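Have a look at protein-v7.cif; it's mmCIF, C-alpha atoms (C1' of nucleotides):
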```cif
data_entry
loop_
_atom_site.label_atom_id
_atom_site.label_comp_id
_atom_site.auth_asym_id
_atom_site.auth_seq_id
_atom_site.Cartn_x
_atom_site.Cartn_y
_atom_site.Cartn_z
CA MET L 1 -6.70 -24.88 -6.93
CA THR L 2 -7.84 -22.73 -9.82
CA SER L 3 -11.10 -21.41 -8.41
CA VAL L 4 -11.11 -17.72 -7.68
CA PHE L 5 -13.93 -17.47 -5.21
CA LEU L 6 -14.76 -20.38 -2.95
CA GLU L 7 -18.16 -21.48 -1.84
CA PRO L 8 -19.05 -20.30 1.65
CA GLY L 9 -18.70 -23.09 4.15
CA HIS L 10 -16.11 -25.09 2.24
CA ASN L 11 -13.48 -27.01 4.16
CA HIS L 12 -11.07 -24.39 5.50
CA ALA L 13 -8.99 -26.96 7.35
CA HIS L 14 -8.24 -28.62 4.05
CA CYS L 15 -7.02 -25.53 2.24
CA ALA L 16 -5.04 -24.49 5.31
CA ALA L 17 -3.25 -27.83 5.11
CA ASP L 18 -2.58 -27.22 1.43
CA VAL L 19 -1.10 -23.83 2.16
CA ILE L 20 1.14 -25.16 4.90
CA ALA L 21 2.32 -28.02 2.72
CA HIS L 22 3.12 -25.56 -0.05
CA ALA L 23 4.96 -23.30 2.39
CA GLU L 24 7.08 -26.18 3.64
CA LYS L 25 8.05 -27.07 0.11
CA ILE L 26 8.98 -23.48 -0.70
CA CYS L 27 11.01 -23.01 2.46
CA THR L 28 12.85 -26.29 2.05
CA SER L 29 13.73 -25.49 -1.53
CA ARG L 30 15.10 -22.10 -0.50
CA ALA L 31 16.86 -23.20 2.71
CA GLN L 32 14.49 -20.96 4.67
CA LYS L 33 13.06 -21.91 8.01
CA LEU L 34 9.33 -22.20 8.60
CA THR L 35 9.58 -21.76 12.36
CA PRO L 36 6.68 -22.49 14.73
CA MET L 37 5.71 -18.84 14.97
CA ARG L 38 5.78 -18.32 11.20
CA ARG L 39 3.83 -21.51 10.70
CA LYS L 40 1.25 -20.47 13.27
CA VAL L 41 0.73 -17.06 11.67
CA LEU L 42 0.36 -18.69 8.27
CA GLU L 43 -2.11 -21.22 9.68
CA MET L 44 -4.26 -18.47 11.13
CA LEU L 45 -4.33 -16.64 7.80
CA ALA L 46 -4.95 -19.80 5.81
CA GLY L 47 -7.84 -20.74 8.08
CA SER L 48 -9.63 -17.55 7.04
CA HIS L 49 -10.22 -16.38 3.49
CA LYS L 50 -10.77 -12.95 4.90
CA PRO L 51 -7.77 -10.69 5.30
CA LEU L 52 -6.75 -10.32 8.94
CA GLY L 53 -5.31 -7.27 10.66
CA ALA L 54 -2.16 -7.56 12.73
CA TYR L 55 -4.08 -7.46 16.00
CA GLU L 56 -6.55 -10.04 14.80
CA ILE L 57 -3.60 -12.33 14.14
CA ILE L 58 -2.25 -11.59 17.60
CA ASP L 59 -5.60 -12.52 19.12
CA ALA L 60 -5.78 -15.69 17.04
CA VAL L 61 -2.28 -16.78 18.00
CA ALA L 62 -2.94 -15.89 21.65
CA GLY L 63 -5.79 -18.40 21.60
CA SER L 64 -3.35 -21.28 21.56
CA GLY L 65 -0.45 -20.06 23.69
CA PRO L 66 1.20 -16.94 25.07
CA ARG L 67 0.22 -13.62 23.54
CA PRO L 68 2.85 -12.49 21.04
CA ALA L 69 3.95 -8.86 20.76
CA PRO L 70 3.02 -6.97 17.58
CA ILE L 71 6.60 -6.98 16.36
CA THR L 72 6.70 -10.76 16.50
CA ILE L 73 3.73 -10.94 14.17
CA TYR L 74 5.14 -8.32 11.83
CA ARG L 75 8.41 -10.19 11.61
CA ALA L 76 6.63 -13.41 10.74
CA LEU L 77 4.54 -11.56 8.16
CA ASP L 78 7.65 -9.98 6.63
CA PHE L 79 9.16 -13.41 6.20
CA LEU L 80 5.99 -14.87 4.73
CA MET L 81 5.55 -11.95 2.32
CA ALA L 82 9.18 -12.10 1.22
CA ASN L 83 8.57 -15.72 0.25
CA GLY L 84 5.30 -15.02 -1.52
CA LEU L 85 3.22 -16.98 0.96
CA VAL L 86 1.25 -14.00 2.24
CA HIS L 87 -0.09 -10.87 0.55
CA ARG L 88 -0.74 -7.50 2.08
CA ILE L 89 -4.03 -5.81 1.27
CA ALA L 90 -2.87 -2.21 1.34
CA SER L 91 -6.33 -0.69 1.18
CA ARG L 92 -7.26 -2.50 4.40
CA ASN L 93 -3.98 -2.77 6.27
CA ALA L 94 -4.55 -6.49 6.40
CA PHE L 95 -2.91 -9.74 5.36
CA LEU L 96 -3.98 -12.78 3.41
CA ALA L 97 -2.53 -16.26 2.92
CA CYS L 98 -1.76 -17.20 -0.66
CA GLY L 99 -1.96 -20.82 -1.82
CA HIS L 100 -1.00 -20.01 -5.38
CA ASN L 101 2.52 -20.22 -6.60
CA HIS L 102 3.47 -16.82 -7.91
CA ASP L 103 6.64 -14.96 -7.20
CA SER L 104 6.62 -12.16 -4.68
CA GLY L 105 7.00 -9.50 -7.37
CA ALA L 106 4.25 -10.70 -9.69
CA LEU L 107 1.06 -8.73 -10.25
CA VAL L 108 -1.93 -10.02 -8.33
CA THR L 109 -5.38 -8.52 -8.66
CA PHE L 110 -7.47 -8.78 -5.52
CA LEU L 111 -11.25 -8.76 -5.55
CA ILE L 112 -12.50 -7.84 -2.09
CA CYS L 113 -16.17 -8.43 -1.31
CA GLU L 114 -17.46 -5.63 0.88
CA VAL L 115 -20.32 -7.78 2.19
CA CYS L 116 -18.74 -11.10 3.18
CA GLY L 117 -15.14 -9.87 3.29
CA THR L 118 -13.88 -12.74 1.17
CA VAL L 119 -10.94 -11.98 -1.10
CA GLY L 120 -10.40 -13.63 -4.48
CA GLU L 121 -7.56 -13.33 -6.93
CA ALA L 122 -8.60 -12.50 -10.46
CA PRO L 123 -6.87 -13.76 -13.58
CA ALA L 124 -4.59 -10.80 -14.10
CA ALA L 125 -2.56 -11.49 -17.23
CA GLU L 126 -4.53 -9.07 -19.36
CA VAL L 127 -4.64 -6.43 -16.65
CA SER L 128 -0.93 -6.82 -16.15
CA ARG L 129 -0.31 -6.30 -19.85
CA THR L 130 -2.41 -3.14 -20.16
CA LEU L 131 -0.89 -1.75 -16.99
CA ALA L 132 2.59 -2.35 -18.36
CA LEU L 133 1.60 -0.59 -21.58
CA ALA L 134 0.12 2.38 -19.74
CA ALA L 135 3.26 2.72 -17.64
CA GLN L 136 5.49 2.36 -20.67
CA GLY L 137 3.53 5.08 -22.45
CA VAL L 138 4.72 7.64 -19.90
CA GLY L 139 8.22 6.22 -19.49
CA PHE L 140 7.54 4.64 -16.14
CA THR L 141 9.35 1.46 -15.11
CA PRO L 142 7.11 -0.55 -12.80
CA LYS L 143 8.55 -2.52 -9.89
CA MET L 144 5.62 -3.49 -7.73
CA SER L 145 1.90 -3.22 -8.34
CA VAL L 146 -1.05 -3.00 -6.01
CA VAL L 147 -4.40 -3.74 -7.65
CA GLU L 148 -7.33 -4.03 -5.26
CA ILE L 149 -10.95 -3.96 -6.35
CA THR L 150 -13.68 -3.57 -3.77
CA GLY L 151 -17.22 -4.63 -4.64
CA LEU L 152 -19.65 -7.52 -4.48
CA CYS L 153 -18.70 -11.15 -5.06
CA ALA L 154 -20.97 -13.35 -7.18
CA HIS L 155 -22.42 -15.06 -4.14
CA CYS L 156 -23.35 -11.91 -2.22
CA ASN L 157 -24.60 -10.31 -5.43
CA SER L 158 -27.11 -13.07 -6.09
CA GLN L 159 -28.10 -13.15 -2.42
CA ARG L 160 -28.90 -9.47 -2.63
CA ALA L 161 -30.73 -9.77 -5.94
CA SER L 162 -32.90 -12.66 -4.79
CA GLY L 163 -33.32 -11.43 -1.20
CA MET T 1 -3.25 19.90 -17.77
CA THR T 2 -2.72 16.63 -19.61
CA SER T 3 0.85 15.88 -18.63
CA VAL T 4 1.26 12.87 -16.41
CA PHE T 5 4.65 13.52 -14.89
CA LEU T 6 5.88 17.02 -14.44
CA GLU T 7 9.39 18.28 -14.83
CA PRO T 8 11.22 18.63 -11.54
CA GLY T 9 11.43 22.23 -10.50
CA HIS T 10 8.31 23.40 -12.29
CA ASN T 11 6.17 26.12 -10.79
CA HIS T 12 4.37 24.54 -7.86
CA ALA T 13 2.72 27.78 -6.85
CA HIS T 14 1.05 27.92 -10.24
CA CYS T 15 -0.45 24.43 -10.12
CA ALA T 16 -1.49 24.94 -6.51
CA ALA T 17 -3.44 27.99 -7.64
CA ASP T 18 -5.01 25.91 -10.41
CA VAL T 19 -6.07 23.24 -7.93
CA ILE T 20 -7.59 25.77 -5.57
CA ALA T 21 -9.45 27.49 -8.39
CA HIS T 22 -10.82 24.15 -9.52
CA ALA T 23 -11.83 23.27 -5.96
CA GLU T 24 -13.69 26.54 -5.56
CA LYS T 25 -15.60 25.89 -8.76
CA ILE T 26 -16.51 22.36 -7.69
CA CYS T 27 -17.63 23.44 -4.23
CA THR T 28 -19.67 26.33 -5.51
CA SER T 29 -21.42 24.13 -8.05
CA ARG T 30 -22.29 21.60 -5.36
CA ALA T 31 -23.19 24.07 -2.62
CA GLN T 32 -20.32 22.76 -0.55
CA LYS T 33 -18.10 24.95 1.57
CA LEU T 34 -14.39 25.23 1.01
CA THR T 35 -13.64 26.45 4.52
CA PRO T 36 -10.27 27.92 5.54
CA MET T 37 -9.08 24.65 7.05
CA ARG T 38 -10.09 22.61 4.01
CA ARG T 39 -8.50 25.14 1.73
CA LYS T 40 -5.29 25.14 3.73
CA VAL T 41 -5.03 21.34 3.67
CA LEU T 42 -5.64 21.33 -0.07
CA GLU T 43 -3.03 24.05 -0.56
CA MET T 44 -0.44 22.03 1.33
CA LEU T 45 -1.13 18.97 -0.79
CA ALA T 46 -1.22 20.92 -4.03
CA GLY T 47 2.11 22.54 -3.19
CA SER T 48 3.73 19.12 -3.21
CA HIS T 49 3.41 16.51 -5.93
CA LYS T 50 4.49 13.99 -3.39
CA PRO T 51 1.83 12.30 -1.28
CA LEU T 52 1.83 13.61 2.29
CA GLY T 53 1.06 11.68 5.45
CA ALA T 54 -1.47 13.04 7.92
CA TYR T 55 1.22 14.24 10.32
CA GLU T 56 3.17 15.88 7.54
CA ILE T 57 0.03 17.85 6.74
CA ILE T 58 -0.34 18.75 10.40
CA ASP T 59 3.25 20.01 10.46
CA ALA T 60 2.71 21.96 7.25
CA VAL T 61 -0.48 23.59 8.53
CA ALA T 62 1.15 24.31 11.89
CA GLY T 63 3.76 26.37 10.05
CA SER T 64 1.25 29.12 9.41
CA GLY T 65 -0.93 29.10 12.52
CA PRO T 66 -2.01 26.99 15.47
CA ARG T 67 -1.26 23.27 15.34
CA PRO T 68 -4.40 21.36 14.31
CA ALA T 69 -5.36 18.05 15.91
CA PRO T 70 -5.20 14.93 13.71
CA ILE T 71 -8.96 14.67 13.57
CA THR T 72 -9.20 18.14 12.08
CA ILE T 73 -6.95 17.09 9.22
CA TYR T 74 -8.78 13.82 8.67
CA ARG T 75 -12.09 15.63 8.51
CA ALA T 76 -10.76 18.05 5.92
CA LEU T 77 -9.31 15.13 3.96
CA ASP T 78 -12.62 13.25 4.10
CA PHE T 79 -14.37 16.26 2.64
CA LEU T 80 -11.78 16.75 -0.06
CA MET T 81 -11.82 13.06 -0.99
CA ALA T 82 -15.60 12.97 -1.10
CA ASN T 83 -15.46 15.78 -3.64
CA GLY T 84 -12.74 14.16 -5.72
CA LEU T 85 -10.19 16.85 -4.92
CA VAL T 86 -7.80 14.58 -3.05
CA HIS T 87 -6.80 10.95 -3.51
CA ARG T 88 -5.61 8.53 -0.89
CA ILE T 89 -2.56 6.44 -1.73
CA ALA T 90 -3.47 3.27 0.17
CA SER T 91 -0.10 1.62 -0.20
CA ARG T 92 1.52 4.58 1.57
CA ASN T 93 -1.16 5.84 3.92
CA ALA T 94 -0.77 9.20 2.30
CA PHE T 95 -2.77 11.79 0.41
CA LEU T 96 -2.40 13.62 -2.86
CA ALA T 97 -4.10 16.65 -4.39
CA CYS T 98 -5.82 16.02 -7.71
CA GLY T 99 -6.15 18.77 -10.28
CA HIS T 100 -7.95 16.59 -12.77
CA ASN T 101 -11.67 16.49 -13.03
CA HIS T 102 -12.76 12.92 -12.48
CA ASP T 103 -15.51 11.72 -10.24
CA SER T 104 -14.66 10.28 -6.86
CA GLY T 105 -15.60 6.76 -7.92
CA ALA T 106 -13.65 6.61 -11.16
CA LEU T 107 -10.62 4.42 -11.61
CA VAL T 108 -7.31 6.21 -11.28
CA THR T 109 -3.99 4.51 -11.83
CA PHE T 110 -1.17 5.96 -9.75
CA LEU T 111 2.46 5.69 -10.76
CA ILE T 112 4.62 6.26 -7.69
CA CYS T 113 8.33 6.89 -8.21
CA GLU T 114 10.30 5.23 -5.45
CA VAL T 115 13.27 7.53 -5.97
CA CYS T 116 11.83 11.05 -6.13
CA GLY T 117 8.45 10.21 -4.58
CA THR T 118 6.52 11.98 -7.32
CA VAL T 119 3.15 10.51 -8.20
CA GLY T 120 1.65 10.57 -11.69
CA GLU T 121 -1.70 9.43 -12.96
CA ALA T 122 -1.58 7.11 -15.93
CA PRO T 123 -4.14 7.05 -18.72
CA ALA T 124 -6.29 4.30 -17.29
CA ALA T 125 -9.12 3.70 -19.72
CA GLU T 126 -7.65 0.50 -21.10
CA VAL T 127 -6.66 -0.74 -17.64
CA SER T 128 -10.12 0.05 -16.41
CA ARG T 129 -11.66 -1.96 -19.24
CA THR T 130 -9.54 -5.09 -18.72
CA LEU T 131 -10.10 -4.90 -14.98
CA ALA T 132 -13.83 -4.74 -15.52
CA LEU T 133 -13.61 -7.75 -17.82
CA ALA T 134 -11.54 -9.75 -15.37
CA ALA T 135 -13.99 -8.99 -12.57
CA GLN T 136 -16.95 -9.81 -14.78
CA GLY T 137 -15.36 -13.13 -15.65
CA VAL T 138 -15.68 -14.29 -12.06
CA GLY T 139 -19.04 -12.67 -11.40
CA PHE T 140 -17.61 -9.84 -9.36
CA THR T 141 -19.29 -6.42 -9.33
CA PRO T 142 -16.65 -3.73 -8.78
CA LYS T 143 -17.41 -0.63 -6.73
CA MET T 144 -14.09 1.00 -6.03
CA SER T 145 -10.63 0.28 -7.41
CA VAL T 146 -7.17 0.93 -6.08
CA VAL T 147 -4.39 0.68 -8.65
CA GLU T 148 -0.98 1.79 -7.46
CA ILE T 149 2.23 1.03 -9.32
CA THR T 150 5.57 1.62 -7.63
CA GLY T 151 8.67 1.97 -9.74
CA LEU T 152 10.90 4.50 -11.47
CA CYS T 153 9.63 7.58 -13.28
CA ALA T 154 11.14 8.51 -16.63
CA HIS T 155 13.24 11.26 -15.11
CA CYS T 156 14.83 9.18 -12.35
CA ASN T 157 15.25 6.28 -14.75
CA SER T 158 17.35 8.34 -17.17
CA GLN T 159 19.28 9.89 -14.28
CA ARG T 160 20.17 6.42 -13.08
CA ALA T 161 21.06 5.18 -16.58
CA SER T 162 23.32 8.13 -17.35
CA GLY T 163 24.75 8.45 -13.86
"C1'" DA J 1 -33.60 36.21 18.88
"C1'" DG J 2 -34.08 31.28 18.55
"C1'" DC J 3 -33.25 26.96 16.26
"C1'" DA J 4 -30.99 23.62 13.29
"C1'" DA J 5 -27.14 22.30 10.65
"C1'" DT J 6 -22.47 22.34 9.97
"C1'" DA J 7 -17.45 22.98 11.09
"C1'" DT J 8 -13.83 23.09 14.31
"C1'" DG J 9 -11.35 22.10 18.72
"C1'" DG J 10 -10.12 18.90 22.35
"C1'" DT J 11 -9.46 14.56 24.70
"C1'" DG J 12 -8.89 9.99 24.38
"C1'" DC J 13 -8.18 5.52 22.49
"C1'" DA J 14 -7.58 1.43 19.44
"C1'" DG J 15 -4.82 -0.15 15.69
"C1'" DT J 16 -0.53 0.04 12.69
"C1'" DG J 17 4.23 -0.53 12.33
"C1'" DC J 18 8.86 -0.43 13.61
"C1'" DA J 19 13.53 0.72 16.35
"C1'" DG J 20 16.63 -0.95 19.73
"C1'" DC J 21 18.20 -4.12 22.85
"C1'" DA J 22 18.23 -8.64 25.35
"C1'" DT J 23 17.66 -13.48 25.17
"C1'" DA J 24 17.08 -18.00 23.15
"C1'" DT J 25 17.86 -21.28 19.54
"C1'" DA J 26 20.08 -23.27 15.73
"C1'" DT J 27 24.42 -23.96 12.90
"C1'" DG J 28 29.05 -24.46 12.00
"C1'" DT J 29 33.93 -25.03 13.65
"C1'" DC J 30 37.59 -26.48 16.35
"C1'" DG P 1 31.87 -30.95 24.16
"C1'" DA P 2 33.12 -25.89 23.95
"C1'" DC P 3 32.87 -21.96 21.38
"C1'" DA P 4 31.70 -18.44 17.95
"C1'" DT P 5 28.29 -17.01 14.67
"C1'" DA P 6 23.93 -16.30 12.77
"C1'" DT P 7 19.21 -16.24 13.16
"C1'" DA P 8 14.68 -15.95 15.61
"C1'" DT P 9 12.01 -14.46 19.33
"C1'" DG P 10 10.75 -11.59 23.46
"C1'" DC P 11 10.34 -7.13 25.42
"C1'" DT P 12 9.95 -2.14 25.95
"C1'" DG P 13 8.94 1.82 23.96
"C1'" DC P 14 7.42 5.02 20.59
"C1'" DA P 15 5.71 7.40 16.35
"C1'" DC P 16 1.99 7.40 13.14
"C1'" DT P 17 -2.86 6.26 11.54
"C1'" DG P 18 -7.54 6.93 12.16
"C1'" DC P 19 -11.63 7.66 14.47
"C1'" DA P 20 -15.34 8.14 18.59
"C1'" DC P 21 -17.24 11.30 21.58
"C1'" DC P 22 -18.35 15.63 23.30
"C1'" DA P 23 -18.03 20.76 23.58
"C1'" DT P 24 -17.94 25.00 21.17
"C1'" DA P 25 -18.26 28.26 17.37
"C1'" DT P 26 -20.15 29.55 13.06
"C1'" DT P 27 -23.55 29.74 9.55
"C1'" DG P 28 -28.19 29.84 7.74
"C1'" DC P 29 -33.07 29.96 8.27
"C1'" DT P 30 -37.53 31.15 10.41
#
```

So, in terms of structure tokens, how does the structure I just supplied come out?
Amino acid sequence: MTSVFLEPGHNHAHCAADVIAHAEKICTSRAQKLTPMRRKVLEMLAGSHKPLGAYEIIDAVAGSGPRPAPITIYRALDFLMANGLVHRIASRNAFLACGHNHDSGALVTFLICEVCGTVGEAPAAEVSRTLALAAQGVGFTPKMSVVEITGLCAHCNSQRASG
Amino acid sequence: MTSVFLEPGHNHAHCAADVIAHAEKICTSRAQKLTPMRRKVLEMLAGSHKPLGAYEIIDAVAGSGPRPAPITIYRALDFLMANGLVHRIASRNAFLACGHNHDSGALVTFLICEVCGTVGEAPAAEVSRTLALAAQGVGFTPKMSVVEITGLCAHCNSQRASG
DNA sequence: AGCAATATGGTGCAGTGCAGCATATATGTC
DNA sequence: GACATATATGCTGCACTGCACCATATTGCT
């Protein structure tokens, strides 16, 4: 899974399965428990490449069982974020499943399409390096980075140009 | 004003005055009105180099007059942000006065100290360039960027090392 | 004065996010 | 199995974020 943006209409069920499989591996290797609630929250996020708000997750989970309280969702999200399985999109107060295998502290650059809402992760090594340099230049020691770019993805851009 | 991080205990009143003077110039040149409420909100933000939450601003404004409703503050903030006088720190749901003179759309890199809460703006030209390249590489057209680095500022870092 | 545009005030509400406590479920120990 | 411990979930409540909608005041223009 090296593609950054996915074609619209690709098989979500497949990548959701990938994400869950990855999560199980991670949790097993760390002696962490992927409980039913945590798994369900992750499934809902993995089934959408759009970031979901907390209440959207509640609604989604409520579709297949009793309606969970907000705190239940936040607790599941905290667990998933701590294990690098879910990212928070700060500029949207929303959450996104992550199939990649990067540590929770690593720099991830998000590209958020303002038309279709899809979120991609850009190759960030170079960005990470220049950011580190810029921080170093003023004596700042970085711990956690939030890099979120809003704009138009390639697909929506060409749609608009040809439309 | 080229310094990125300011010494603790420097003259806040002075930089607040600078910010207000700059805001008046901007508003005059654009035929925009810096009304009392907008000015007061900007003063409160300029008097603190820490980002303030909406309710902190309400409390601050309430200290010198009637207590404004949240919507009043958000409207003032919207105006100030539209004119590039205030930045939003998405990762904190907070707001920060900006004395610099960059357009509202330009990329700004924030360095947020997790000890003292001070926020600096890093020289971002290089970061901006690599980000643009990374986006371009996947066919993404950027509109607005959020770059927020949490960590330790030089001052708190040396405090911690020597302490 | 009358009209339009803008700014502020007020009420209300949906969403975000967590504290504190009670209950259930798993895990280890005797 | 009985028990203690740790962890996860459920539940209530609340503070903060952010805006919609409408009423009022203020400003500017004719």

Is it possible to get the residues within 9 Å of (8.4, 6.1, 19.1) (coordinates as in the file, counting all atoms listed in the file) written as a PDB file with C-alpha atoms (C1' of nucleotides), keeping the file's coordinate frame?
```pdb
ATOM      1  C1'  DC J  18       8.860  -0.430  13.610  1.00  0.00           C
ATOM      2  C1'  DA J  19      13.530   0.720  16.350  1.00  0.00           C
TER       3       DA J  19
ATOM      4  C1'  DG P  13       8.940   1.820  23.960  1.00  0.00           C
ATOM      5  C1'  DC P  14       7.420   5.020  20.590  1.00  0.00           C
ATOM      6  C1'  DA P  15       5.710   7.400  16.350  1.00  0.00           C
ATOM      7  C1'  DC P  16       1.990   7.400  13.140  1.00  0.00           C
TER       8       DC P  16
END
```

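Against the coordinates shown, the PyMOL selection byres ((chain L) within 8 of (chain J)) returns L:Ala54, L:Tyr55, L:Ile71, L:Tyr74, L:Asn93.
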
Interface, chain L side, toward chain P (10 Å; only C-alpha atoms (C1' of nucleotides)) as a PyMOL selection string: chain L and resi 33+35+37+68-69+71-72+75-76

Contact residues (chain L, partner chain T, 10 Å, only C-alpha atoms) as number ranges by chain: L: 3-5, 88-93, 107, 109-114, 120-158

Result set, the PyMOL selection byres ((chain L and resi 80) around 10) on current file, as a PDB file with C-alpha atoms, keeping the file's coordinate frame:
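Result file is expr.pdb:
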```pdb
ATOM      1  CA  ALA L  23       4.960 -23.300   2.390  1.00  0.00           C
ATOM      2  CA  CYS L  27      11.010 -23.010   2.460  1.00  0.00           C
ATOM      3  CA  LEU L  34       9.330 -22.200   8.600  1.00  0.00           C
ATOM      4  CA  ARG L  38       5.780 -18.320  11.200  1.00  0.00           C
ATOM      5  CA  ARG L  39       3.830 -21.510  10.700  1.00  0.00           C
ATOM      6  CA  VAL L  41       0.730 -17.060  11.670  1.00  0.00           C
ATOM      7  CA  LEU L  42       0.360 -18.690   8.270  1.00  0.00           C
ATOM      8  CA  TYR L  74       5.140  -8.320  11.830  1.00  0.00           C
ATOM      9  CA  ARG L  75       8.410 -10.190  11.610  1.00  0.00           C
ATOM     10  CA  ALA L  76       6.630 -13.410  10.740  1.00  0.00           C
ATOM     11  CA  LEU L  77       4.540 -11.560   8.160  1.00  0.00           C
ATOM     12  CA  ASP L  78       7.650  -9.980   6.630  1.00  0.00           C
ATOM     13  CA  PHE L  79       9.160 -13.410   6.200  1.00  0.00           C
ATOM     14  CA  MET L  81       5.550 -11.950   2.320  1.00  0.00           C
ATOM     15  CA  ALA L  82       9.180 -12.100   1.220  1.00  0.00           C
ATOM     16  CA  ASN L  83       8.570 -15.720   0.250  1.00  0.00           C
ATOM     17  CA  GLY L  84       5.300 -15.020  -1.520  1.00  0.00           C
ATOM     18  CA  LEU L  85       3.220 -16.980   0.960  1.00  0.00           C
ATOM     19  CA  VAL L  86       1.250 -14.000   2.240  1.00  0.00           C
ATOM     20  CA  HIS L  87      -0.090 -10.870   0.550  1.00  0.00           C
ATOM     21  CA  ALA L  97      -2.530 -16.260   2.920  1.00  0.00           C
ATOM     22  CA  CYS L  98      -1.760 -17.200  -0.660  1.00  0.00           C
ATOM     23  CA  SER L 104       6.620 -12.160  -4.680  1.00  0.00           C
TER      24      SER L 104
END
```

Close residues, Val19 (chain L) itself excluded, 7 Å, only C-alpha atoms (C1' of nucleotides), min 3 positions apart in chain, as a ChimeraX atom specification: /L:15-16,22-23,46,99

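Here CA of Pro70 (chain T) stands at a distance of 25.1 Å from CA of Ala17 (chain T).
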
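Across the model, the gap from CA of Cys116 (chain T) to CA of Ala60 (chain T) is 19.5 Å.
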
Centre, x/y/z edge lengths, axis-aligned box for region 148-155 of chain T with 4 Å per side, as AutoDock Vina command-line options:
```
--center_x 6.1 --center_y 6.1 --center_z -12.0 --size_x 22.2 --size_y 18.2 --size_z 17.2
```

Distance in Å - CA of Ile26 (chain L) versus CA of Gly65 (chain L):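 Spanning CA of Ile26 (chain L) to CA of Gly65 (chain L) is a straight-line distance of 26.4 Å.
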
Can you list, as a compact mmCIF listing (two decimals) with C-alpha atoms, in the frame of the given file, the residues that the PyMOL selection byres ((chain L and resi 47) around 8) selects here?
```txt
# COMPACT_ATOMS: atom_id res chain seq x y z
CA HIS L 12 -11.07 -24.39 5.50
CA ALA L 13 -8.99 -26.96 7.35
CA CYS L 15 -7.02 -25.53 2.24
CA ALA L 16 -5.04 -24.49 5.31
CA GLU L 43 -2.11 -21.22 9.68
CA MET L 44 -4.26 -18.47 11.13
CA LEU L 45 -4.33 -16.64 7.80
CA ALA L 46 -4.95 -19.80 5.81
CA SER L 48 -9.63 -17.55 7.04
CA HIS L 49 -10.22 -16.38 3.49
```
